[in-house]
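**Student:** This is work33.cif, which holds mmCIF, C-alpha atoms and all ligand atoms:
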```cif
data_input
loop_
_atom_site.label_atom_id
_atom_site.label_comp_id
_atom_site.auth_asym_id
_atom_site.auth_seq_id
_atom_site.Cartn_x
_atom_site.Cartn_y
_atom_site.Cartn_z
CA MET A 1 91.26 106.49 92.97
CA SER A 2 91.42 107.42 89.27
CA SER A 3 89.70 105.33 86.62
CA ASP A 4 93.05 104.21 85.14
CA SER A 5 94.30 102.94 88.50
CA ILE A 6 95.25 99.29 88.80
CA ASN A 7 93.11 97.08 91.00
CA SER A 8 95.18 94.84 93.30
CA GLU A 9 93.26 91.81 91.97
CA ALA A 10 94.91 92.35 88.59
CA LEU A 11 98.15 91.37 90.28
CA PHE A 12 97.07 88.97 92.97
CA LYS A 13 94.18 86.76 94.00
CA CYS A 14 94.60 84.51 97.01
CA ARG A 15 93.98 80.80 96.30
CA ARG A 16 93.70 80.03 100.03
CA CYS A 17 96.31 77.29 99.77
CA GLY A 18 98.02 78.14 103.07
CA ALA A 19 101.52 77.98 101.63
CA CYS A 20 102.39 81.40 103.01
CA CYS A 21 101.43 80.25 106.52
CA LYS A 22 104.14 77.60 106.43
CA GLY A 23 107.88 78.02 106.66
CA TYR A 24 110.37 80.00 108.56
CA GLY A 25 110.40 83.36 106.75
CA GLY A 26 108.98 84.98 109.84
CA THR A 27 105.71 86.76 110.49
CA TYR A 28 106.54 89.83 112.53
CA VAL A 29 103.90 91.40 114.72
CA THR A 30 103.60 95.12 115.38
CA ASP A 31 102.55 96.59 118.72
CA ARG A 32 99.09 97.08 117.23
CA ASP A 33 98.98 93.47 116.04
CA ILE A 34 99.89 92.32 119.54
CA ARG A 35 97.12 94.39 121.12
CA LEU A 36 94.47 93.23 118.64
CA ILE A 37 95.42 89.54 118.58
CA SER A 38 95.77 89.24 122.35
CA ARG A 39 92.33 90.81 122.80
CA TYR A 40 90.87 88.53 120.10
CA ILE A 41 92.16 85.37 121.79
CA GLY A 42 91.14 86.62 125.24
CA SER A 43 94.63 87.09 126.54
CA THR A 44 97.02 89.84 127.53
CA SER A 45 99.77 91.27 125.36
CA GLN A 46 102.44 89.83 127.65
CA ILE A 47 100.96 86.32 127.68
CA PHE A 48 100.44 86.45 123.91
CA VAL A 49 104.09 87.38 123.31
CA ASP A 50 105.30 84.76 125.80
CA GLN A 51 103.14 81.92 124.44
CA TYR A 52 102.72 82.63 120.74
CA CYS A 53 105.83 84.57 119.71
CA LYS A 54 109.55 84.19 119.59
CA LEU A 55 112.04 86.99 119.31
CA SER A 56 114.08 87.69 116.23
CA GLY A 57 116.61 90.19 117.54
CA ASN A 58 114.25 92.23 119.68
CA LYS A 59 111.29 91.91 117.30
CA PRO A 60 108.51 89.44 118.15
CA MET A 61 107.30 87.13 115.41
CA LEU A 62 104.72 84.35 115.47
CA THR A 63 106.04 80.92 116.35
CA GLN A 64 105.63 77.90 114.12
CA ARG A 65 104.53 74.42 115.05
CA LYS A 66 106.73 71.39 114.44
CA ASP A 67 105.12 70.95 111.01
CA SER A 68 106.40 74.48 110.28
CA TYR A 69 102.92 75.97 109.95
CA CYS A 70 102.11 79.17 111.81
CA ILE A 71 100.78 78.53 115.27
CA PHE A 72 97.46 80.10 114.21
CA TRP A 73 96.97 77.94 111.11
CA ASN A 74 94.29 75.25 111.25
CA ASP A 75 93.24 74.68 107.64
CA LEU A 76 92.63 78.43 107.64
CA CYS A 77 93.85 81.38 109.62
CA THR A 78 92.17 81.18 113.03
CA ILE A 79 92.82 84.86 113.73
CA HIS A 80 91.81 86.11 110.28
CA PRO A 81 89.93 89.26 111.46
CA VAL A 82 93.02 90.46 113.34
CA LYS A 83 95.85 88.76 111.47
CA PRO A 84 99.16 90.63 111.51
CA LEU A 85 99.80 93.55 109.21
CA MET A 86 102.33 91.49 107.25
CA CYS A 87 99.69 88.86 106.50
CA ARG A 88 97.07 91.48 105.57
CA LYS A 89 99.42 93.27 103.20
CA TRP A 90 100.87 90.16 101.56
CA PRO A 91 102.15 90.19 98.84
CA PHE A 92 102.08 93.97 98.57
CA LEU A 93 105.08 94.47 100.81
CA GLU A 94 107.63 97.13 99.96
CA SER A 95 110.44 94.57 99.97
CA ILE A 96 108.62 92.46 97.36
CA LEU A 97 107.47 95.33 95.16
CA ALA A 98 110.87 97.02 95.25
CA ASP A 99 112.07 94.88 92.35
CA ALA A 100 110.07 93.08 89.67
CA ASN A 101 112.40 90.10 90.12
CA ASN A 102 111.35 89.81 93.76
CA TRP A 103 107.74 89.65 92.60
CA LEU A 104 108.53 86.75 90.29
CA ILE A 105 110.59 84.93 92.92
CA MET A 106 107.73 85.17 95.42
CA ALA A 107 105.31 83.90 92.78
CA ASP A 108 107.16 80.58 92.94
CA SER A 109 105.87 80.05 96.46
CA CYS A 110 102.53 81.88 96.23
CA PRO A 111 100.17 80.72 93.48
CA GLY A 112 98.01 83.81 93.98
CA ILE A 113 100.70 86.12 92.62
CA LYS A 114 100.10 86.74 88.94
CA THR A 115 103.10 86.71 86.65
CA ASP A 116 101.40 87.52 83.36
CA ILE A 117 101.78 91.23 83.99
CA SER A 118 104.31 93.62 82.54
CA THR A 119 107.05 95.31 84.51
CA ASP A 120 105.42 98.63 83.56
CA THR A 121 102.16 97.56 85.16
CA LEU A 122 104.03 96.56 88.29
CA LYS A 123 105.87 99.89 88.40
CA LYS A 124 102.62 101.79 87.92
CA PHE A 125 101.08 99.83 90.76
CA VAL A 126 104.06 100.60 93.02
CA LYS A 127 103.63 104.33 92.32
CA GLN A 128 99.95 103.96 93.18
CA MET A 129 100.86 102.17 96.42
CA ILE A 130 103.29 104.93 97.38
CA LEU A 131 100.59 107.53 96.72
CA HIS A 132 98.27 105.61 99.01
CA ASN A 133 100.90 105.14 101.69
CA TRP A 134 101.17 101.39 100.97
CA ASN A 135 97.56 100.71 101.85
CA VAL A 136 96.05 98.09 99.55
CA GLU A 137 92.67 99.01 98.16
CA PRO A 138 90.60 96.18 96.74
S1 LIG B 201 100.45 81.30 99.42
FE1 LIG B 201 99.46 82.95 98.27
S2 LIG B 201 97.65 81.99 97.36
FE2 LIG B 201 98.36 80.64 99.00
S3 LIG B 201 97.18 81.31 100.82
FE3 LIG B 201 99.12 82.42 100.84
S4 LIG B 201 98.65 84.36 99.82
FE4 LIG B 201 97.02 82.93 99.28
S1 LIG B 202 98.54 84.74 111.25
FE1 LIG B 202 97.14 83.67 109.92
S2 LIG B 202 97.58 84.44 107.86
FE2 LIG B 202 99.31 84.99 109.17
S3 LIG B 202 100.79 83.33 108.92
FE3 LIG B 202 99.52 82.82 110.70
S4 LIG B 202 97.84 81.54 109.93
FE4 LIG B 202 98.81 82.58 108.17
#
```
Represent the structure from my file as structure tokens, please.
**Tutor:**
Amino acid sequence: MSSDSINSEALFKCRRCGACCKGYGGTYVTDRDIRLISRYIGSTSQIFVDQYCKLSGNKPMLTQRKDSYCIFWNDLCTIHPVKPLMCRKWPFLESILADANNWLIMADSCPGIKTDISTDTLKKFVKQMILHNWNVEP
């Protein structure tokens, strides 16, 4: 990465508050997520999907408990090493970075998202993300 590249920490630093693990926005799991998480919890993909996911259309997403927290939340993420791609990429998701307004809206619910950055910085970061195929580099 070039020396004038923007480090992701300039835009976001997780405060470990757990707010993003609560609510009904939906944490989708990819086929790879399913394989890794089911192995991590000592289960099979089918049992994992049956017991820990619900379908949204035909896409599986993690279920929430009655208190609306993710089923894997227990003061911290209990599957942190294999948490879903969505959770690992947050908040650097294409849908959020597509529009600077989305970034600011999400900052209302995620205290780790920094808002004291210019739109130009955000745009430059998006270009950088596209160049790196949306992989976040620390
Ligand atoms: S809401 Fe934001 S700051 Fe809080 S745990 Fe989630 S990512 Fe981190
Ligand atoms: S998998 Fe972990 S990081 Fe993702 S929503 Fe659930 S508790 Fe939070």
**Student:** Which residues sit within 12 Å of ligand LIG 201 (chain B), counting only C-alpha atoms and all ligand atoms, listed as a PyMOL selection string?
**Tutor:** chain A and resi 11-23+69-70+73+75-77+80+86-92+106-114
**Student:** Using all atoms listed in the file for the distances, tell me which of A:Ile71, A:Ala98, A:Met61, A:Ile41 is nearest to ligand LIG 202 (chain B).
**Tutor:** A:Ile71
**Student:** Using only C-alpha atoms, which of the listed residues (A:Ser5, A:Ser43, A:Thr30, A:Gln64) sits closest to Leu131 in chain A?
**Tutor:**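 Among the listed residues, A:Ser5 lies closest to Leu131 in chain A.
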**Student:** State, in Å with one decimal place, the distance from CA of Ser45 in chain A to CA of Ser95 in chain A.
**Tutor:** 27.7 Å
**Student:** In terms of the shortest atom-to-atom distance over all atoms listed in the file, which of A:Ile6, A:Ile130, A:Ile37, A:Val29 is closest to Thr63 in chain A?
**Tutor:**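 Of A:Ile6, A:Ile130, A:Ile37, A:Val29, the one nearest Thr63 in chain A is A:Val29, counting all atoms listed in the file.
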**Student:** Pick the closest to Tyr28 in chain A from A:Ile47, A:Ala100, A:Leu62, A:Met129: which is it, counting all atoms listed in the file?
**Tutor:**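 With all atoms listed in the file as the atom set, the closest residue is A:Leu62.
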**Student:** What is the CA of Arg39 in chain A-atom S3 of ligand LIG 202 (chain B) distance in Å, reported with one decimal?
**Tutor:**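 Those two atoms sit 17.9 Å apart.
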**Student:** Go through A:Asp50, A:Asp120, A:Glu94, A:Asp33 and flag the residue nearest ligand LIG 202 (chain B), using only C-alpha atoms and all ligand atoms for the distances.
**Tutor:**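 Distance minimum relative to ligand LIG 202 (chain B) lands on A:Asp33.
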**Student:** To one decimal in Å, tell me the separation between CA of Gly25 in chain A and CA of Leu122 in chain A.
**Tutor:**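 Between these atoms lies a distance of 23.6 Å.
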**Student:** Pick out the closest residue to Trp103 in chain A from this set: A:Pro84, A:Arg32, A:Lys123, A:Thr78. Count all atoms listed in the file.
**Tutor:**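 Smallest separation from Trp103 in chain A among the options: A:Lys123.
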**Student:** Adding 5 Å on each side of the box along x, y and z that holds all listed atoms of range 37-41 of chain A, could you give its centre and edge lengths in Å to one decimal, as AutoDock Vina command-line options?
**Tutor:**
```
--center_x 93.3 --center_y 88.1 --center_z 120.7 --size_x 14.9 --size_y 15.4 --size_z 14.2
```
